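Chemist: Provided herewith is a single structure, encoded as structure tokens, for subsequent inquiry.
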Amino acid sequence: MKMKARTLANSTVAAVLFTGLFGWSATAGDVTQNWNANCAACHGKDGKGETLMGRRLQIKDLADPKVQASFTDADATKAIKDGVTENGRTKMKAFGGKLSADEIKDLVAHVRSFKSPK
Ligand code: HEC
């Protein structure tokens with residue numbers, strides 16, 4: 001009786017640990033989830049910036065090839081890491097303290113994927 005309860009308890013702990021670890025790595029590594037959680041409020045899920053915040057900030061349409069051509073991957077990386085300011089006002093906050101270099105790299109690729117041929 002005692003043995004059985006113990007085995008059950010151990011496997012419950014293992015299951016919780018496994019779910020915890022797996023759940024964590026799935027969110028941390030998923031660029032779409034990162035985009036939706038941190039960026040979509042302004043840029044929109046599709047990058048077009050058709051959101052309340054996007055309109056207020058007169059955000060550029062990231063699906064527009066002209067907009068895509070207006071910045072390099074290095075510019076995009078810097079914007080995400082250090083934020084965007086205009087005339088001393090923060091338009092986009094810095095994410096360097098929140099996201100890892102790898103996550104930012106993935107987000108730059110994600111931004112590029114919005115480009116639609118016109
Ligand atoms: C508070 C609103 C807001 C949030 C949240 C936001 N951005 Fe921005 N982002 C802006 C604004 C405003 C600009 C300035 C250019 C524009 O008007 O589109 C910008 C510009 C950019 C640019 C273009 C940089 C350039 O050199 O032109 C990229 C790339 C970008 N954002 C990616 C992201 C990513 C990735 C996230 C999430 C980690 C994010 N943004 C979150 C508002 C936001």
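Simple scheme: letters A, B, ... for chains in structure tokens order, numbers from 1 for residues in each chain, numbers from 1 for ligands in the order shown.
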If you count only C-alpha atoms, which residues fall within 9 Å of segment 97-112 of chain A, apart from same-chain ones fewer than 5 positions away, as a list of chain:residue names?
Modeler: A:Ala28, A:Gly29, A:Asp30, A:Val31, A:Thr32, A:Asn34, A:Trp35, A:Gly47, A:Leu62, A:Ala63, A:Gln68, A:Asp73, A:Ala74, A:Ala76, A:Thr77, A:Ile80, A:Lys81
Chemist: Please, which residues have at least one atom within 7 Å of an atom of ligand 1, using only C-alpha atoms and all ligand atoms, listed as JSON, numbers by chain?
Modeler: {"A": [35, 38, 39, 40, 41, 42, 43, 53, 54, 57, 58, 59, 60, 61, 70, 71, 75, 76, 77, 79, 80, 84, 91, 92, 93, 95, 104, 107, 108, 111]}
